[in-house]
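**Q** Take this structure, written in structure tokens, and hold onto it; I'll ask about it next.
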Amino acid sequence: MKIGIFDSGIGGLTVLHQAMITLPEEDYLYYADTDHVPYGIRQKEEILEFVDDALRFMLEKGIKAVIIACNTATSAAIQTLRSRYTIPILGMEPAVKPAVAREEEGKRVMVAATPLTLREEKLRNLLHQVDKHHTVDLLPLPELVRFAEREEFTSPAVEEYLTQELAPYRAEEYSALVLGCTHFNYFKDTFARLFPSSTELIDGSVGTVNHLQDILQAGNLLEHGSGCVEYYRSGRKADSPADLARYRRLHLRLEEMLRF
């Protein structure tokens, strides 16, 4: 059986890439809901319907567990999904807790994510638990999702957009930048240029995949497959030469971003 990984677009490939490093012998099904990307500007009820449709599709294809590799979809849908389905369902949330735990005295933490993720109660509750000294700042960056979907990672337009959005903040004040959207991992090199080298870039992919490994091991669900991946876009198999070439490019980009 396969591990399902869901995202609204290409952001979840960052989680798939990490999963393939950690669990190389597992087989995977990657589902990108490209018909409805970006999720960050949609209503919660709408997102729940999209994710539920995708999960039912993946179950028909034989998945044994799924990662909702989208912070926005996790915020909007994961509680309902867990009440409806019995397979392990893991979500993503901004890695605020480890960022705050490593926070240096006199420094702050920035959380960059989509507008929906930042205004959801799930994140607010997390901040209430861990941000005791009110040192966390929230920065919505919805346009980064559109840049990523166009594979526009290092253009002057990307640099200008991020420079403009970060202008009200002093980059040297931050000990950590939490990448609270999986799409944002494609831009680690630009973030690294805009923040001091002392600012740590933190995303939740490694922790989420390690948690998945623990769950599969505890349930005796680890398998020795062929390490293959099936890609789908809103229920349509993406296996044309152009599709596969694009996924190769994206995985190469993610491999490069492991340096940051």
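The way I read the labels, and the way they are meant: chains A, B, ... in the order of the structure tokens, residue 1 as the first residue of every chain, and ligand 1 as the first ligand shown, with later ones counted on from there.
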Could you please write out, as a ChimeraX atom specification, every residue of segment 71-153 of chain A that DSSP assigns to alpha helix (DSSP H)?

**A** /A:71-84,96-101,115-119,121-130,143-149

**Q** Which is closest to Arg42 of chain A among A:Gly106, A:Gly11, A:Pro142, A:Pro24, if we use only C-alpha atoms?

**A**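 Nearest candidate to Arg42 of chain A out of A:Gly106, A:Gly11, A:Pro142, A:Pro24: A:Pro142.
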
**Q** Nearest residue to Leu29 of chain A out of A:His133, A:Arg146, A:Lys61, A:Arg84, using only C-alpha atoms?

**A**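 Among the listed residues, the smallest separation from Leu29 of chain A belongs to A:Lys61.
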
**Q** Using only C-alpha atoms, which protein or nucleic acid residues come within 6 Å of segment 95-104 of chain A? Drop anything in the same chain fewer than 2 positions from it, and give the result as a PyMOL selection string.

**A** chain A and resi 107+175+204

**Q** Taking all heavy atoms for each residue, export the selection above as a PDB file, in the first residue's frame.

**A**
ATOM      1  N   LYS A 107      15.657  38.416  20.970  1.00  0.00           N
ATOM      2  CA  LYS A 107      15.334  38.190  19.568  1.00  0.00           C
ATOM      3  C   LYS A 107      13.849  37.845  19.411  1.00  0.00           C
ATOM      4  O   LYS A 107      13.151  37.541  20.386  1.00  0.00           O
ATOM      5  CB  LYS A 107      16.183  37.049  19.007  1.00  0.00           C
ATOM      6  CG  LYS A 107      17.670  37.347  18.946  1.00  0.00           C
ATOM      7  CD  LYS A 107      18.005  38.258  17.793  1.00  0.00           C
ATOM      8  CE  LYS A 107      19.509  38.392  17.589  1.00  0.00           C
ATOM      9  NZ  LYS A 107      19.841  39.216  16.413  1.00  0.00           N
ATOM     10  N   SER A 175      15.625  35.566  15.345  1.00  0.00           N
ATOM     11  CA  SER A 175      16.468  34.376  15.497  1.00  0.00           C
ATOM     12  C   SER A 175      15.999  33.252  14.588  1.00  0.00           C
ATOM     13  O   SER A 175      16.769  32.342  14.274  1.00  0.00           O
ATOM     14  CB  SER A 175      16.452  33.892  16.949  1.00  0.00           C
ATOM     15  OG  SER A 175      15.130  33.555  17.356  1.00  0.00           O
ATOM     16  N   GLY A 204       8.400  22.477   8.752  1.00  0.00           N
ATOM     17  CA  GLY A 204       7.940  21.318   9.507  1.00  0.00           C
ATOM     18  C   GLY A 204       8.057  19.981   8.803  1.00  0.00           C
ATOM     19  O   GLY A 204       7.570  18.968   9.325  1.00  0.00           O
TER      20      GLY A 204
END

**Q** Could you give me, as JSON lines, every segment 19-44 of chain A residue with an atom at most 12 Å from segment 181-188 of chain A, plus its closest atom pair and distance in Å to one decimal, counting only C-alpha atoms, rows ordered by chain then number?

**A**
{"residue": "A:Val37", "atom": "CA", "partner": "A:His183", "partner_atom": "CA", "distance": 11.5}
{"residue": "A:Pro38", "atom": "CA", "partner": "A:His183", "partner_atom": "CA", "distance": 10.4}
{"residue": "A:Tyr39", "atom": "CA", "partner": "A:Cys181", "partner_atom": "CA", "distance": 10.9}
{"residue": "A:Gly40", "atom": "CA", "partner": "A:Cys181", "partner_atom": "CA", "distance": 9.5}

**Q** Can you write out the residues you just picked, keeping all heavy atoms, as a PDB file, in the first residue's frame?

**A**
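In the end it all went to out.pdb:
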ATOM      1  N   VAL A  37      -6.018  25.551  -6.663  1.00  0.00           N
ATOM      2  CA  VAL A  37      -4.926  26.299  -6.052  1.00  0.00           C
ATOM      3  C   VAL A  37      -5.068  27.787  -6.429  1.00  0.00           C
ATOM      4  O   VAL A  37      -5.496  28.086  -7.549  1.00  0.00           O
ATOM      5  CB  VAL A  37      -3.564  25.728  -6.509  1.00  0.00           C
ATOM      6  CG1 VAL A  37      -3.287  25.975  -7.982  1.00  0.00           C
ATOM      7  CG2 VAL A  37      -2.430  26.203  -5.634  1.00  0.00           C
ATOM      8  N   PRO A  38      -4.776  28.747  -5.530  1.00  0.00           N
ATOM      9  CA  PRO A  38      -4.260  28.576  -4.166  1.00  0.00           C
ATOM     10  C   PRO A  38      -5.386  28.451  -3.141  1.00  0.00           C
ATOM     11  O   PRO A  38      -6.457  29.045  -3.294  1.00  0.00           O
ATOM     12  CB  PRO A  38      -3.475  29.875  -3.942  1.00  0.00           C
ATOM     13  CG  PRO A  38      -4.221  30.897  -4.745  1.00  0.00           C
ATOM     14  CD  PRO A  38      -4.739  30.164  -5.954  1.00  0.00           C
ATOM     15  N   TYR A  39      -5.118  27.688  -2.093  1.00  0.00           N
ATOM     16  CA  TYR A  39      -6.097  27.493  -1.024  1.00  0.00           C
ATOM     17  C   TYR A  39      -6.137  28.675  -0.045  1.00  0.00           C
ATOM     18  O   TYR A  39      -7.142  28.897   0.619  1.00  0.00           O
ATOM     19  CB  TYR A  39      -5.748  26.234  -0.222  1.00  0.00           C
ATOM     20  CG  TYR A  39      -6.302  24.942  -0.778  1.00  0.00           C
ATOM     21  CD1 TYR A  39      -6.806  24.848  -2.074  1.00  0.00           C
ATOM     22  CD2 TYR A  39      -6.320  23.797   0.007  1.00  0.00           C
ATOM     23  CE1 TYR A  39      -7.306  23.661  -2.572  1.00  0.00           C
ATOM     24  CE2 TYR A  39      -6.822  22.600  -0.472  1.00  0.00           C
ATOM     25  CZ  TYR A  39      -7.302  22.530  -1.764  1.00  0.00           C
ATOM     26  OH  TYR A  39      -7.805  21.355  -2.242  1.00  0.00           O
ATOM     27  N   GLY A  40      -5.038  29.390   0.064  1.00  0.00           N
ATOM     28  CA  GLY A  40      -4.914  30.396   1.110  1.00  0.00           C
ATOM     29  C   GLY A  40      -5.904  31.540   1.036  1.00  0.00           C
ATOM     30  O   GLY A  40      -6.096  32.266   2.005  1.00  0.00           O
TER      31      GLY A  40
END

**Q** May I ask for the distance between atom CA of Glu49 of chain A and atom CA of Ala77 of chain A, given in Å to one decimal place?

**A**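 Computing the Euclidean distance for atom CA of Glu49 of chain A and atom CA of Ala77 of chain A yields 8.5 Å.
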
**Q** Arg233 of chain A: which residues within 10 Å, counting only C-alpha atoms, same-chain residues fewer than 5 positions away excluded, as a CSV table (one decimal) with C-alpha atoms, in the first residue's frame?

**A**
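Produced file result-v6.csv, reproduced below:
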chain,number,residue,atom,x,y,z
A,7,ASP,CA,-1.4,19.5,-1.3
A,8,SER,CA,-3.2,22.2,-3.2
A,9,GLY,CA,-0.2,22.4,-5.6
A,10,ILE,CA,3.5,21.8,-5.7
A,30,TYR,CA,1.1,12.5,-4.6
A,31,TYR,CA,-2.1,14.4,-5.2
A,32,ALA,CA,-2.0,18.1,-6.1
A,33,ASP,CA,-5.4,19.9,-6.3
A,34,THR,CA,-4.3,22.2,-9.1
A,35,ASP,CA,-7.9,22.9,-10.2
A,54,ALA,CA,-9.1,14.1,-2.7
A,238,ALA,CA,0.1,13.2,-14.3
